[in-house]
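To keep things clear, I will list the structure first and then write my remarks on it.
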Amino acid sequence: MTEKALIKIYVADSDSMTAKTIENVRQYCSKVFANGYEVLVVNVVENPEIALKECILAIPTIVKETPKPSQNIIGHVVTVEDIENSLKFSTVGS
Amino acid sequence: MSFRNNSLMDQTVLNIIKTGVIIVNTTGVIQFINKSAEVLFGRSKKELLNHPLGIPVRSKQICEIDFLKPDLSKGTAEMHVDELTWNGKPALLIGLYDVSERKLAQKTLRASQESFSSIVENSHTGIIVIDQKGAIRFMNPTARVYLEQSIGILSELAINEPLDELYLSEIPITLSDNKQGVAELKAQQTSWQGEPAILIYIHDITSRKTWEKQLENAKTAAESADKMKLELLANFSHEYRTALHSVLSFSEFGARLSESHADKKINGYFEKIRKSGLQIEHLMGNLSDLAELLSGAVKLDSQRCDLDSVIEKCVMEVKHLQQEKAIVIKMNNQVKDSLVYCDIKRISLVLVSLLKNAIRFSPEKSVIVIKLETKNDREENRSIQTSIIDQGVGIPIEETEQIFSGFFQSSATKSGSGGLGLSLAICKETIRLHGGNIWAYKNPNGQGSIFSFTLPLPNNKD
């Protein structure tokens with residue numbers, strides 16, 4: 001795994017819950033992606049065309065674009081473990 | 001938990017419940033969606049089935065999630081996630097409970113609370129709520145500064161119950177620059193979180209108090225200056241009269257001596273000096289009387305007397321003037337008992353002054369009426385009113401107040417001889433000292449003026 005991880009977070013507000021989610025995603029990334037990572041925060045209210053193009057239905061949506069396979073998580077992340085649990089489930093069936 | 005997608009019963013149940021239900025596979029792709037979830041997303045089942053939604057966050061706490069509708073409006077739901085088997089494969093069941101309206105209401109409420117609390121927090125009035133035991137339940141920053149050194153005042157308020165409708169007092173406060181100030185404290189009953197409490201406002205009145213103090217000082221200074229002026233005037237007129245006395249005496253000697261020498265011209269000069277001197281003496285007398293009255297140095301020598309007979313004596317005193325102009329003076333006594341309590345000498349002076357004025361400004365062969373009547377302002381405030389009604393030139397309405405102020409002569413009577421100004425001011429002060437009133441007005445039933453004054457009647461028990 002040599003490529004840099006790219007995580008996109010689609011948000012709508014700048015409230016405390018959103019801030020906490022972004023913070024948790026960063027923490028998760030720094031824990032998991034040893035080769036570095038980039039977190040891109042996209043405000044769907046300011047950029048509705050991106051939201052429509054990417055077919056974003058839920059906010060927040062966290063998209064792990066790289067490394068492949070691409071995975072989506074929806075909902076506010078209260079703890080770092082929440083991300084781990086969600087992604088763990090996602091790999092069960094694949 | 002296990003569902004089969006061909007179970008008609010299961011799908012019917014899921015479609016009629018209010019909670020949005022979505023089933024996603026392990027890659028987050030929507031496998032099933034019920035009616036309520038379609039409404040939440042603002043999209044049809046056709047659009048949503050097989051759409052990659054994402055893996056819901058699996059939190060132990062209730063998790064909230066927003067939905068972006070095609071028109072870009074937002075809805076909010078509480079999300080519950082559970083694992084299940086769907087068509088024999090592991091899947092996730094997402095329950096969505098719509099809380100959009102609640103969220104909006106909370107947001108509006110929060111905004112309104114924030115506005116109110118900002119008003120209270122930034123107010124220059126100190127605001128405090130204490131409970132009935134005197135414990136502080138709320139205090140804004142201004143109140144905190146004001147009561148920095150006098151917080152004990154609050155517990156006294158709680159003890160002093162039951163509190164009146166509005167409790168008012170003045171308290172010492174600490175100002176923001178640490179100086180001492182004064183505040184007005186208002187307290188009223190209120191309720192706080194369902195319990196009776198006391199709402200207290202503290203309003204800084206330090207600068208108002210300073211102004212009041214300065215005003216008070218200025219007033220005292222003005223009053224003392226006024227008193228000094230009157231004392232000076234009294235002393236001054238006394239000195240003048242002494243000197244005047246010499247002028248009068250020597251002019252008399254001179255007149256007598258020149259008469260014996262049959263020097264008519266010189267005799268005439270001396271007579272003129274004496275007449276002018278007498279006039280000055282009269283004016284100086286009035287001036288010193290008024291100064292004495294105004295300075296508050298006069299003590300009344302009051303006694304019971306019959307006002308009717310006092311008036312009779314005064315009429316006698318002006319008889320020669322009355323006869324000169326062939327004027328008739330009539331008494332109109334409507335009082336059964338005209339006993340009053342007054343300083344006879346001073347009231348006589350008032351009466352003579354008013355009578356002389358009336359005669360002076362009345363045409364020849366006219367009538368002057370003296371009317372006595374009882375007045376009842378209030379039950380406990382009875383008085384006798386004396387009115388002197390003449391048929392003279394009358395006083396213009398706009399001057400009826402000024403004529404009593406001293407050094408003033410009515411424009412209607414200016415042509416007459418001087419002296420009126422001071423004598424009316426003396427009358428006013430004398431009547432005021434007796435606790436009565438004096439006023440003048442143009443006779444509404446014809447020409448001439450009416451001068452009236454009241455003297456309070458003694459109480460029945462006296």
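A note on labels: chains of the structure tokens are A, B, ... as shown, every chain counts residues from 1, and ligands are counted from 1 in their shown order.
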
Residue set, chain A restricted to strand (DSSP E), as JSON, numbers by chain: {"A": [5, 6, 7, 8, 9, 10, 11, 37, 38, 39, 40, 41, 42, 43, 58, 59, 61, 62, 63, 64, 65, 66, 71, 72, 73, 74]}

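Residues lying within 8 Å of Ile73 of chain A, counting only C-alpha atoms and ignoring same-chain neighbours fewer than 5 positions away, are Thr61, Ile62, Val63, Ile83, Ser86 and Leu87 of chain A; Gly28, Gly54, Ile55, Pro56 and Val57 of chain B.
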
Please produce, as a Markdown table, a per-residue contact table for chain A versus chain B (criterion: any atom at most 10 Å away, only C-alpha atoms considered), showing the nearest atom pair and its distance in Å to one decimal, sorted by chain then residue number.
| residue | atom | partner | partner_atom | distance |
| --- | --- | --- | --- | --- |
| A:Val11 | CA | B:Asp66 | CA | 9.3 |
| A:Ala12 | CA | B:Asp66 | CA | 8.6 |
| A:Met17 | CA | B:Glu64 | CA | 9.3 |
| A:Val44 | CA | B:Leu72 | CA | 8.8 |
| A:Val45 | CA | B:Leu72 | CA | 7.7 |
| A:Pro48 | CA | B:Leu72 | CA | 7.3 |
| A:Glu49 | CA | B:Leu72 | CA | 9.9 |
| A:Ala51 | CA | B:Leu68 | CA | 8.6 |
| A:Leu52 | CA | B:Pro70 | CA | 7.9 |
| A:Cys55 | CA | B:Pro52 | CA | 8.5 |
| A:Ile56 | CA | B:Leu68 | CA | 7.3 |
| A:Leu57 | CA | B:Leu68 | CA | 5.3 |
| A:Ala58 | CA | B:Phe67 | CA | 4.5 |
| A:Ile59 | CA | B:Asp66 | CA | 4.9 |
| A:Pro60 | CA | B:Ile65 | CA | 7.0 |
| A:Thr61 | CA | B:Gly54 | CA | 7.5 |
| A:Ile62 | CA | B:Gly54 | CA | 8.3 |
| A:Val63 | CA | B:Gly54 | CA | 8.4 |
| A:Pro69 | CA | B:Thr27 | CA | 9.7 |
| A:Ser70 | CA | B:Thr27 | CA | 9.1 |
| A:Gln71 | CA | B:Thr27 | CA | 7.0 |
| A:Asn72 | CA | B:Gly54 | CA | 4.2 |
| A:Ile73 | CA | B:Ile55 | CA | 4.5 |
| A:Ile74 | CA | B:Pro56 | CA | 4.7 |
| A:Gly75 | CA | B:Ile65 | CA | 5.0 |
| A:His76 | CA | B:Cys63 | CA | 6.5 |
| A:Val77 | CA | B:Val57 | CA | 6.5 |
| A:Val78 | CA | B:Ser59 | CA | 7.0 |
| A:Thr79 | CA | B:Ser59 | CA | 7.9 |
| A:Glu81 | CA | B:Ser59 | CA | 8.5 |
| A:Asp82 | CA | B:Ser59 | CA | 5.6 |
| A:Ile83 | CA | B:Val57 | CA | 6.6 |
| A:Glu84 | CA | B:Arg58 | CA | 9.2 |
| A:Asn85 | CA | B:Arg58 | CA | 6.6 |
| A:Ser86 | CA | B:Val57 | CA | 5.7 |
| A:Leu87 | CA | B:Ile55 | CA | 7.6 |
| A:Lys88 | CA | B:Thr26 | CA | 9.6 |
| A:Phe89 | CA | B:Thr26 | CA | 6.5 |
| A:Ser90 | CA | B:Thr26 | CA | 4.6 |
| A:Thr91 | CA | B:Thr26 | CA | 6.9 |
| A:Val92 | CA | B:Thr26 | CA | 6.9 |
| A:Gly93 | CA | B:Thr26 | CA | 5.5 |
| A:Ser94 | CA | B:Thr26 | CA | 7.3 |

Neighbour list for Asn437 of chain B as an NGL selection string, cut-off 9 Å, only C-alpha atoms, skip fewer than 5 positions in-chain: :B and (428 or 431-432 or 452-455)

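For Pro444 of chain B, the list of residues within 12 Å, based on only C-alpha atoms and with local chain neighbours fewer than 6 positions off taken out, reads Ile389, Asp390, Gln391, Gly394, Ile395, Pro396, Ile397 and Ile450 of chain B.
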
Can I get the selection written as a compact mmCIF listing (two decimals), in the first residue's frame, with C-alpha atoms?
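File written: out32.txt
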# COMPACT_ATOMS: atom_id res chain seq x y z
CA ILE B 389 -65.31 95.24 45.18
CA ASP B 390 -64.79 98.58 43.46
CA GLN B 391 -66.05 100.27 40.31
CA GLY B 394 -59.99 97.24 36.87
CA ILE B 395 -56.86 95.16 36.47
CA PRO B 396 -55.96 93.48 33.19
CA ILE B 397 -56.26 89.66 33.58
CA ILE B 450 -62.28 92.54 43.20

Per-residue DSSP, segment 105-248 of chain B, filtered to helix (DSSP H, G or I), as an MDAnalysis selection string: chainID B and resid 105:122 141:146 153:159 206:248

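Near Ser246 of chain B, within a cut-off of 12 Å and counting only C-alpha atoms, sit the residues Glu239, Tyr240, Arg241, Ser251, Glu252, Phe253, Gly254, Ile273, Arg274, Gly277, Leu278 and Glu281 of chain B, with same-chain residues fewer than 5 positions away left out.
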